[in-house]
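Taking it in order: structure first as structure tokens, then the write-up.
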Amino acid sequence: MAKIARMYHERGMRQAEIAAELHVSQPRVSRLLKRAGEVGIVRTTVSLPSGVHTDLEDALEARFGLTEAVVVDAGGADDDVTPALGAAAAVYLETTLTGGDTVGISSWSATLLAAVESMRPSRTPVVTTVVQVVGGVGDPRVQMQATRLIGMFAENTGAAPVFMPAPGMLGTVSARDSLVADPTVQAVMDVWSKLTMVLVGIGSLEPSPLLRASGNALADADLAVLRDAGAVGDICLRFFDGAGEPVKSAVDDRVIGITADQLHQVQRRVAVAGGANKHSAIRAVLAGGWITVLITDVDEARRLLAD
């Protein structure tokens with residue numbers, strides 16, 4: 001066994017060559033090589049290159065029941081992990097979108113915008129339709145970011161874009177109900193039941209600069225109500241508490257966006273989020289089973305596993 005193992009692993013000889021030189025059958029060479037591994041003559045070690053964190057990814061998947069975790073090194077920039085997360089998300093999308101998907105994307109996410117900006121255009125269509133899953137109309141100076149997010153994703157994947165012609169947050173329930181009754185808005189919402197994948201960011205209770213500038217952020221009074229109810233973050237303006245349970249409030253009735261129940265019914269739910277300021281929200285999302293795939297930074301991965 002030792003002789004055959006050295007010939008195969010150290011000298012790089014093929015099994016047929018070993019069999020000929022030692023005057024034994026090739027099946028016997030194969031059996032002895034397998035046995036050499038079983039008894040410890042041959043041991044396999046995997047040396048991870050710098051910047052690869054498959055050990056953390058495996059641990060996150062096992063701990064939180066994720067289908068997949070992607071962990072990226074942000075170079076110690078815990079205050080701004082957006083560029084690194086965007087690059088990692090772009091690679092994930094390029095390698096896992098293979099055709100036929102109907103993808104939903106949340107509108108007001110700088111991280112998702114960084115992802116689509118980093119994507120390389122596919123030579124053939126890999127997505128059928130991409131649709132907004134939360135209202136994208138807002139301040140004209142900022143709205144172009146939401147439009148650009150969907151447009152660039154469609155251009156990179158060959159998808160047909162479906163835009164939501166409404167804001168994400170309305171001032172009253174009656175205003176929201178009036179817009180939802182519009183056939184154009186209803187046609188977009190009908191696509192949500194056909195989603196095979198959704199791509200979202202994870203928001204902390206305080207709105208991101210992009211969301212605040214869009215005019216779709218909650219008023220301070222609404223945030224106070226949610227905070228008192230235990231909310232720690234949101235996905236698509238659907239808020240949840242520290243255990244990942246949806247926080248029911250009057251705010252829900254003023255949102256034009258995919259509901260928590262609709263989101264959970266999508267087979268592949270991908271979130272791109274990281275940084276210390278998002279830790280409580282990311283941990284809650286994992287606890288509540290909101291997502292199946294997490295793309296995050298190495299420091300946040302370690303924080304999650306340390307809890």
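In the structure tokens, each chain is lettered A, B, ... as it comes, each chain's residues begin at 1, and ligands are numbered from 1 in order of appearance.
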Could you build a table of the residues in range 90-196 of chain A lying no more than 8 Å from range 225-242 of chain A, giving for each the nearest pair of atoms and their separation in Å rounded to one decimal place, using only C-alpha atoms, ordered by chain and ascending residue number, as JSON lines?
```
{"residue": "A:Ser106", "atom": "CA", "partner": "A:Cys236", "partner_atom": "CA", "distance": 6.1}
{"residue": "A:Val133", "atom": "CA", "partner": "A:Cys236", "partner_atom": "CA", "distance": 7.4}
{"residue": "A:Val134", "atom": "CA", "partner": "A:Cys236", "partner_atom": "CA", "distance": 6.0}
{"residue": "A:Gly168", "atom": "CA", "partner": "A:Leu237", "partner_atom": "CA", "distance": 7.9}
```
If we count only C-alpha atoms, what is near range 61-66 of chain A at a cut-off of 12 Å, once residues fewer than 3 positions away on the same chain are taken out, given as an mmCIF file with all heavy atoms, in the first residue's frame?
```
data_model
loop_
_atom_site.group_PDB
_atom_site.id
_atom_site.type_symbol
_atom_site.label_atom_id
_atom_site.label_comp_id
_atom_site.auth_asym_id
_atom_site.auth_seq_id
_atom_site.Cartn_x
_atom_site.Cartn_y
_atom_site.Cartn_z
ATOM 1 N N THR A 54 -14.327 29.208 3.290
ATOM 2 C CA THR A 54 -15.309 28.128 3.192
ATOM 3 C C THR A 54 -15.628 27.520 4.553
ATOM 4 O O THR A 54 -16.713 26.971 4.746
ATOM 5 C CB THR A 54 -14.813 27.020 2.244
ATOM 6 O OG1 THR A 54 -13.505 26.594 2.654
ATOM 7 C CG2 THR A 54 -14.733 27.531 0.817
ATOM 8 N N ASP A 55 -14.697 27.616 5.504
ATOM 9 C CA ASP A 55 -14.972 27.099 6.844
ATOM 10 C C ASP A 55 -16.084 27.901 7.517
ATOM 11 O O ASP A 55 -17.004 27.331 8.119
ATOM 12 C CB ASP A 55 -13.701 27.118 7.697
ATOM 13 C CG ASP A 55 -13.019 28.486 7.719
ATOM 14 O OD1 ASP A 55 -13.272 29.307 6.810
ATOM 15 O OD2 ASP A 55 -12.225 28.736 8.650
ATOM 16 N N LEU A 56 -16.029 29.234 7.383
ATOM 17 C CA LEU A 56 -17.077 30.073 7.940
ATOM 18 C C LEU A 56 -18.398 29.859 7.196
ATOM 19 O O LEU A 56 -19.476 29.858 7.800
ATOM 20 C CB LEU A 56 -16.676 31.546 7.866
ATOM 21 C CG LEU A 56 -15.521 31.991 8.769
ATOM 22 C CD1 LEU A 56 -15.180 33.456 8.503
ATOM 23 C CD2 LEU A 56 -15.867 31.780 10.235
ATOM 24 N N GLU A 57 -18.307 29.703 5.882
ATOM 25 C CA GLU A 57 -19.520 29.478 5.090
ATOM 26 C C GLU A 57 -20.210 28.187 5.516
ATOM 27 O O GLU A 57 -21.435 28.158 5.706
ATOM 28 C CB GLU A 57 -19.157 29.452 3.604
ATOM 29 C CG GLU A 57 -18.690 30.805 3.095
ATOM 30 C CD GLU A 57 -18.057 30.736 1.713
ATOM 31 O OE1 GLU A 57 -17.811 29.618 1.215
ATOM 32 O OE2 GLU A 57 -17.789 31.806 1.140
ATOM 33 N N ASP A 58 -19.425 27.122 5.687
ATOM 34 C CA ASP A 58 -20.000 25.843 6.122
ATOM 35 C C ASP A 58 -20.637 25.974 7.502
ATOM 36 O O ASP A 58 -21.710 25.413 7.762
ATOM 37 C CB ASP A 58 -18.915 24.762 6.152
ATOM 38 C CG ASP A 58 -18.436 24.369 4.762
ATOM 39 O OD1 ASP A 58 -19.132 24.702 3.783
ATOM 40 O OD2 ASP A 58 -17.369 23.738 4.662
ATOM 41 N N ALA A 69 -24.028 30.015 1.991
ATOM 42 C CA ALA A 69 -23.486 31.247 2.560
ATOM 43 C C ALA A 69 -22.255 31.633 1.761
ATOM 44 O O ALA A 69 -21.472 30.772 1.348
ATOM 45 C CB ALA A 69 -23.124 31.060 4.029
ATOM 46 N N VAL A 70 -22.107 32.920 1.512
ATOM 47 C CA VAL A 70 -20.935 33.443 0.816
ATOM 48 C C VAL A 70 -20.300 34.479 1.739
ATOM 49 O O VAL A 70 -20.945 35.461 2.114
ATOM 50 C CB VAL A 70 -21.312 34.092 -0.537
ATOM 51 C CG1 VAL A 70 -20.071 34.682 -1.211
ATOM 52 C CG2 VAL A 70 -21.986 33.076 -1.445
ATOM 53 N N VAL A 71 -19.048 34.249 2.117
ATOM 54 C CA VAL A 71 -18.346 35.141 3.035
ATOM 55 C C VAL A 71 -17.174 35.780 2.304
ATOM 56 O O VAL A 71 -16.357 35.090 1.704
ATOM 57 C CB VAL A 71 -17.838 34.380 4.279
ATOM 58 C CG1 VAL A 71 -17.007 35.304 5.166
ATOM 59 C CG2 VAL A 71 -19.012 33.800 5.062
ATOM 60 N N ARG A 268 -35.837 30.542 -3.566
ATOM 61 C CA ARG A 268 -34.470 31.019 -3.295
ATOM 62 C C ARG A 268 -34.536 32.486 -2.889
ATOM 63 O O ARG A 268 -34.921 33.339 -3.677
ATOM 64 C CB ARG A 268 -33.575 30.832 -4.528
ATOM 65 C CG ARG A 268 -32.125 31.249 -4.262
ATOM 66 C CD ARG A 268 -31.113 30.572 -5.179
ATOM 67 N NE ARG A 268 -31.354 30.738 -6.579
ATOM 68 C CZ ARG A 268 -30.419 31.150 -7.460
ATOM 69 N NH1 ARG A 268 -29.203 31.439 -7.054
ATOM 70 N NH2 ARG A 268 -30.711 31.251 -8.732
ATOM 71 N N ARG A 269 -34.155 32.748 -1.637
ATOM 72 C CA ARG A 269 -34.235 34.103 -1.087
ATOM 73 C C ARG A 269 -32.833 34.537 -0.684
ATOM 74 O O ARG A 269 -32.272 34.035 0.293
ATOM 75 C CB ARG A 269 -35.190 34.121 0.113
ATOM 76 C CG ARG A 269 -36.557 33.516 -0.222
ATOM 77 C CD ARG A 269 -37.532 33.585 0.931
ATOM 78 N NE ARG A 269 -37.124 32.824 2.100
ATOM 79 C CZ ARG A 269 -37.320 31.521 2.264
ATOM 80 N NH1 ARG A 269 -37.899 30.801 1.297
ATOM 81 N NH2 ARG A 269 -36.936 30.920 3.370
ATOM 82 N N VAL A 270 -32.269 35.457 -1.457
ATOM 83 C CA VAL A 270 -30.866 35.851 -1.304
ATOM 84 C C VAL A 270 -30.786 37.236 -0.675
ATOM 85 O O VAL A 270 -31.378 38.192 -1.188
ATOM 86 C CB VAL A 270 -30.149 35.872 -2.667
ATOM 87 C CG1 VAL A 270 -28.665 36.210 -2.490
ATOM 88 C CG2 VAL A 270 -30.316 34.530 -3.385
ATOM 89 N N ALA A 271 -30.055 37.350 0.426
ATOM 90 C CA ALA A 271 -29.840 38.639 1.072
ATOM 91 C C ALA A 271 -28.366 38.998 1.015
ATOM 92 O O ALA A 271 -27.501 38.144 1.232
ATOM 93 C CB ALA A 271 -30.312 38.611 2.521
ATOM 94 N N ILE A 282 -29.475 41.253 10.783
ATOM 95 C CA ILE A 282 -29.079 40.032 10.072
ATOM 96 C C ILE A 282 -29.333 38.808 10.937
ATOM 97 O O ILE A 282 -29.852 37.786 10.469
ATOM 98 C CB ILE A 282 -27.594 40.109 9.656
ATOM 99 C CG1 ILE A 282 -27.375 41.241 8.651
ATOM 100 C CG2 ILE A 282 -27.129 38.783 9.060
ATOM 101 C CD1 ILE A 282 -25.913 41.525 8.345
ATOM 102 N N ARG A 283 -28.976 38.913 12.214
ATOM 103 C CA ARG A 283 -29.196 37.789 13.133
ATOM 104 C C ARG A 283 -30.686 37.456 13.225
ATOM 105 O O ARG A 283 -31.075 36.284 13.246
ATOM 106 C CB ARG A 283 -28.646 38.149 14.507
ATOM 107 C CG ARG A 283 -28.793 37.041 15.553
ATOM 108 C CD ARG A 283 -28.165 37.461 16.867
ATOM 109 N NE ARG A 283 -28.750 38.716 17.362
ATOM 110 C CZ ARG A 283 -28.264 39.393 18.400
ATOM 111 N NH1 ARG A 283 -27.186 38.952 19.025
ATOM 112 N NH2 ARG A 283 -28.860 40.510 18.787
ATOM 113 N N ALA A 284 -31.541 38.480 13.274
ATOM 114 C CA ALA A 284 -32.985 38.255 13.348
ATOM 115 C C ALA A 284 -33.512 37.608 12.072
ATOM 116 O O ALA A 284 -34.372 36.716 12.117
ATOM 117 C CB ALA A 284 -33.697 39.583 13.604
ATOM 118 N N VAL A 285 -33.028 38.059 10.930
ATOM 119 C CA VAL A 285 -33.443 37.484 9.640
ATOM 120 C C VAL A 285 -33.122 35.993 9.598
ATOM 121 O O VAL A 285 -33.935 35.168 9.155
ATOM 122 C CB VAL A 285 -32.746 38.227 8.483
ATOM 123 C CG1 VAL A 285 -32.804 37.416 7.197
ATOM 124 C CG2 VAL A 285 -33.403 39.585 8.258
ATOM 125 N N LEU A 286 -31.941 35.630 10.083
ATOM 126 C CA LEU A 286 -31.548 34.216 10.099
ATOM 127 C C LEU A 286 -32.406 33.431 11.088
ATOM 128 O O LEU A 286 -32.828 32.306 10.807
ATOM 129 C CB LEU A 286 -30.066 34.090 10.457
ATOM 130 C CG LEU A 286 -29.090 34.653 9.421
ATOM 131 C CD1 LEU A 286 -27.667 34.639 9.968
ATOM 132 C CD2 LEU A 286 -29.157 33.857 8.121
ATOM 133 N N ALA A 287 -32.691 34.029 12.235
ATOM 134 C CA ALA A 287 -33.497 33.344 13.243
ATOM 135 C C ALA A 287 -34.915 33.096 12.737
ATOM 136 O O ALA A 287 -35.532 32.070 13.061
ATOM 137 C CB ALA A 287 -33.534 34.171 14.528
ATOM 138 N N GLY A 288 -35.425 34.033 11.932
ATOM 139 C CA GLY A 288 -36.784 33.905 11.435
ATOM 140 C C GLY A 288 -36.918 33.158 10.126
ATOM 141 O O GLY A 288 -38.037 33.000 9.621
ATOM 142 N N GLY A 289 -35.815 32.672 9.582
ATOM 143 C CA GLY A 289 -35.869 31.915 8.336
ATOM 144 C C GLY A 289 -36.324 32.723 7.143
ATOM 145 O O GLY A 289 -36.925 32.192 6.205
ATOM 146 N N TRP A 290 -36.006 34.017 7.135
ATOM 147 C CA TRP A 290 -36.435 34.892 6.044
ATOM 148 C C TRP A 290 -35.678 34.610 4.748
ATOM 149 O O TRP A 290 -36.192 34.906 3.664
ATOM 150 C CB TRP A 290 -36.229 36.356 6.433
ATOM 151 C CG TRP A 290 -37.211 36.888 7.425
ATOM 152 C CD1 TRP A 290 -37.306 36.554 8.748
ATOM 153 C CD2 TRP A 290 -38.252 37.841 7.186
ATOM 154 N NE1 TRP A 290 -38.327 37.237 9.344
ATOM 155 C CE2 TRP A 290 -38.933 38.043 8.414
ATOM 156 C CE3 TRP A 290 -38.659 38.558 6.062
ATOM 157 C CZ2 TRP A 290 -40.002 38.923 8.535
ATOM 158 C CZ3 TRP A 290 -39.727 39.441 6.196
ATOM 159 C CH2 TRP A 290 -40.392 39.614 7.412
ATOM 160 N N ILE A 291 -34.469 34.090 4.839
ATOM 161 C CA ILE A 291 -33.637 33.920 3.645
ATOM 162 C C ILE A 291 -33.077 32.506 3.575
ATOM 163 O O ILE A 291 -33.040 31.786 4.578
ATOM 164 C CB ILE A 291 -32.474 34.942 3.611
ATOM 165 C CG1 ILE A 291 -31.555 34.750 4.829
ATOM 166 C CG2 ILE A 291 -33.016 36.363 3.549
ATOM 167 C CD1 ILE A 291 -30.310 35.608 4.804
ATOM 168 N N THR A 292 -32.639 32.125 2.380
ATOM 169 C CA THR A 292 -31.981 30.827 2.184
ATOM 170 C C THR A 292 -30.519 30.983 1.821
ATOM 171 O O THR A 292 -29.747 30.032 1.941
ATOM 172 C CB THR A 292 -32.680 30.020 1.080
ATOM 173 O OG1 THR A 292 -32.614 30.745 -0.160
ATOM 174 C CG2 THR A 292 -34.140 29.763 1.430
ATOM 175 N N VAL A 293 -30.131 32.177 1.371
ATOM 176 C CA VAL A 293 -28.742 32.448 0.989
ATOM 177 C C VAL A 293 -28.324 33.777 1.615
ATOM 178 O O VAL A 293 -29.044 34.770 1.500
ATOM 179 C CB VAL A 293 -28.567 32.527 -0.546
ATOM 180 C CG1 VAL A 293 -27.109 32.838 -0.907
ATOM 181 C CG2 VAL A 293 -29.010 31.229 -1.205
ATOM 182 N N LEU A 294 -27.167 33.792 2.271
ATOM 183 C CA LEU A 294 -26.631 35.024 2.855
ATOM 184 C C LEU A 294 -25.265 35.320 2.261
ATOM 185 O O LEU A 294 -24.382 34.459 2.253
ATOM 186 C CB LEU A 294 -26.499 34.902 4.374
ATOM 187 C CG LEU A 294 -25.825 36.095 5.077
ATOM 188 C CD1 LEU A 294 -26.669 37.357 4.945
ATOM 189 C CD2 LEU A 294 -25.553 35.774 6.550
ATOM 190 N N ILE A 295 -25.112 36.548 1.782
ATOM 191 C CA ILE A 295 -23.804 37.034 1.317
ATOM 192 C C ILE A 295 -23.395 38.130 2.289
ATOM 193 O O ILE A 295 -24.064 39.163 2.392
ATOM 194 C CB ILE A 295 -23.899 37.571 -0.115
ATOM 195 C CG1 ILE A 295 -24.384 36.476 -1.072
ATOM 196 C CG2 ILE A 295 -22.543 38.110 -0.583
ATOM 197 C CD1 ILE A 295 -24.674 36.945 -2.493
ATOM 198 N N ALA A 301 -19.739 37.453 9.746
ATOM 199 C CA ALA A 301 -19.882 36.000 9.854
ATOM 200 C C ALA A 301 -19.386 35.524 11.217
ATOM 201 O O ALA A 301 -20.025 34.686 11.874
ATOM 202 C CB ALA A 301 -19.112 35.314 8.730
ATOM 203 N N LEU A 304 -21.852 36.519 13.960
ATOM 204 C CA LEU A 304 -23.044 35.664 13.958
ATOM 205 C C LEU A 304 -22.752 34.319 14.612
ATOM 206 O O LEU A 304 -23.566 33.786 15.362
ATOM 207 C CB LEU A 304 -23.530 35.445 12.527
ATOM 208 C CG LEU A 304 -24.146 36.666 11.833
ATOM 209 C CD1 LEU A 304 -24.300 36.419 10.345
ATOM 210 C CD2 LEU A 304 -25.502 37.017 12.453
ATOM 211 N N LEU A 305 -21.597 33.760 14.334
ATOM 212 C CA LEU A 305 -21.245 32.456 14.877
ATOM 213 C C LEU A 305 -20.859 32.532 16.356
ATOM 214 O O LEU A 305 -20.922 31.535 17.072
ATOM 215 C CB LEU A 305 -20.090 31.836 14.071
ATOM 216 C CG LEU A 305 -20.450 31.469 12.628
ATOM 217 C CD1 LEU A 305 -19.201 31.113 11.845
ATOM 218 C CD2 LEU A 305 -21.447 30.304 12.610
ATOM 219 N N ALA A 306 -20.472 33.725 16.814
ATOM 220 C CA ALA A 306 -20.086 33.911 18.210
ATOM 221 C C ALA A 306 -21.290 34.090 19.124
ATOM 222 O O ALA A 306 -21.186 33.916 20.353
ATOM 223 C CB ALA A 306 -19.154 35.105 18.351
ATOM 224 N N ASP A 307 -22.448 34.444 18.562
ATOM 225 C CA ASP A 307 -23.656 34.677 19.374
ATOM 226 C C ASP A 307 -24.131 33.382 20.031
ATOM 227 O O ASP A 307 -24.060 32.312 19.436
ATOM 228 C CB ASP A 307 -24.786 35.236 18.504
ATOM 229 C CG ASP A 307 -24.567 36.709 18.191
ATOM 230 O OD1 ASP A 307 -23.764 37.345 18.898
ATOM 231 O OD2 ASP A 307 -25.213 37.205 17.247
#
```
Strand (DSSP E) per DSSP on the backbone: members of range 27-253 of chain A, as a PyMOL selection string: chain A and resi 68-72+101-105+127-132+160-162+197-200+203-204+231-235+238-241
d(CA of Leu210 in chain A, CA of Thr296 in chain A) in Å: 19.7 Å
Closest of A:Asp220, A:Glu245, A:Glu155, A:Glu300 to Val116 in chain A - atom-to-atom distances counting only C-alpha atoms: A:Glu155
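Using only C-alpha atoms, the nearest neighbour of Val72 in chain A within the list A:Arg303, A:His53, A:His9, A:Arg35 is A:His53.
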Pro161 in chain A environment, 12 Å, only C-alpha atoms, sequence neighbours closer than 3 positions dropped, as a count of residues only: 26
DSSP alpha helix (DSSP H) residues within range 30-214 of chain A, as a PyMOL selection string: chain A and resi 30-39+54-64+82-96+110-118+140-157+173-180+183-191+209-214
Long-range neighbours of Gly37 in chain A as a list in words, 10 Å cut-off, only C-alpha atoms, 6 positions minimum in chain: Met1, Ala5, Arg43 and Thr44 of chain A
Any chance you could export the current selection's C-alpha atoms as a compact mmCIF listing (two decimals), in the first residue's frame?
```txt
# COMPACT_ATOMS: atom_id res chain seq x y z
CA MET A 1 0.00 0.00 0.00
CA ALA A 5 0.54 5.31 -2.56
CA ARG A 43 -4.16 11.75 4.46
CA THR A 44 -5.87 14.57 2.60
```
Residue among A:Ala221, A:Leu113, A:Ala250, A:Ala159 lying closest to Met144 in chain A, counting only C-alpha atoms: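 Closest to Met144 in chain A of all the choices is A:Leu113.
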I want to know what sits within 8 Å of range 170-174 of chain A, based on only C-alpha atoms, with residues of the same chain fewer than 6 positions away left out; could you give that as a CSV table (one decimal) with N, CA and C atoms, in the first residue's frame?
```
chain,number,residue,atom,x,y,z
A,216,ASN,N,-39.2,57.5,0.8
A,216,ASN,CA,-39.9,56.3,1.2
A,216,ASN,C,-39.7,55.9,2.6
A,253,ASP,N,-49.9,48.4,6.5
A,253,ASP,CA,-51.1,48.7,5.6
A,253,ASP,C,-50.8,49.9,4.7
A,254,ARG,N,-49.7,50.5,4.8
A,254,ARG,CA,-49.3,51.7,4.0
A,254,ARG,C,-48.2,51.4,3.0
A,255,VAL,N,-47.7,50.1,3.0
A,255,VAL,CA,-46.6,49.7,2.2
A,255,VAL,C,-47.1,49.1,0.9
A,256,ILE,N,-46.5,49.5,-0.2
A,256,ILE,CA,-46.7,48.8,-1.5
A,256,ILE,C,-45.4,47.9,-1.7
```
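Here CA of Leu97 in chain A stands at a distance of 29.4 Å from CA of Ala276 in chain A.
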Given only C-alpha atoms as the counted atoms, nearest of A:Arg123, A:Ala213, A:Pro83, A:Ala243 to Gln145 in chain A: A:Ala213
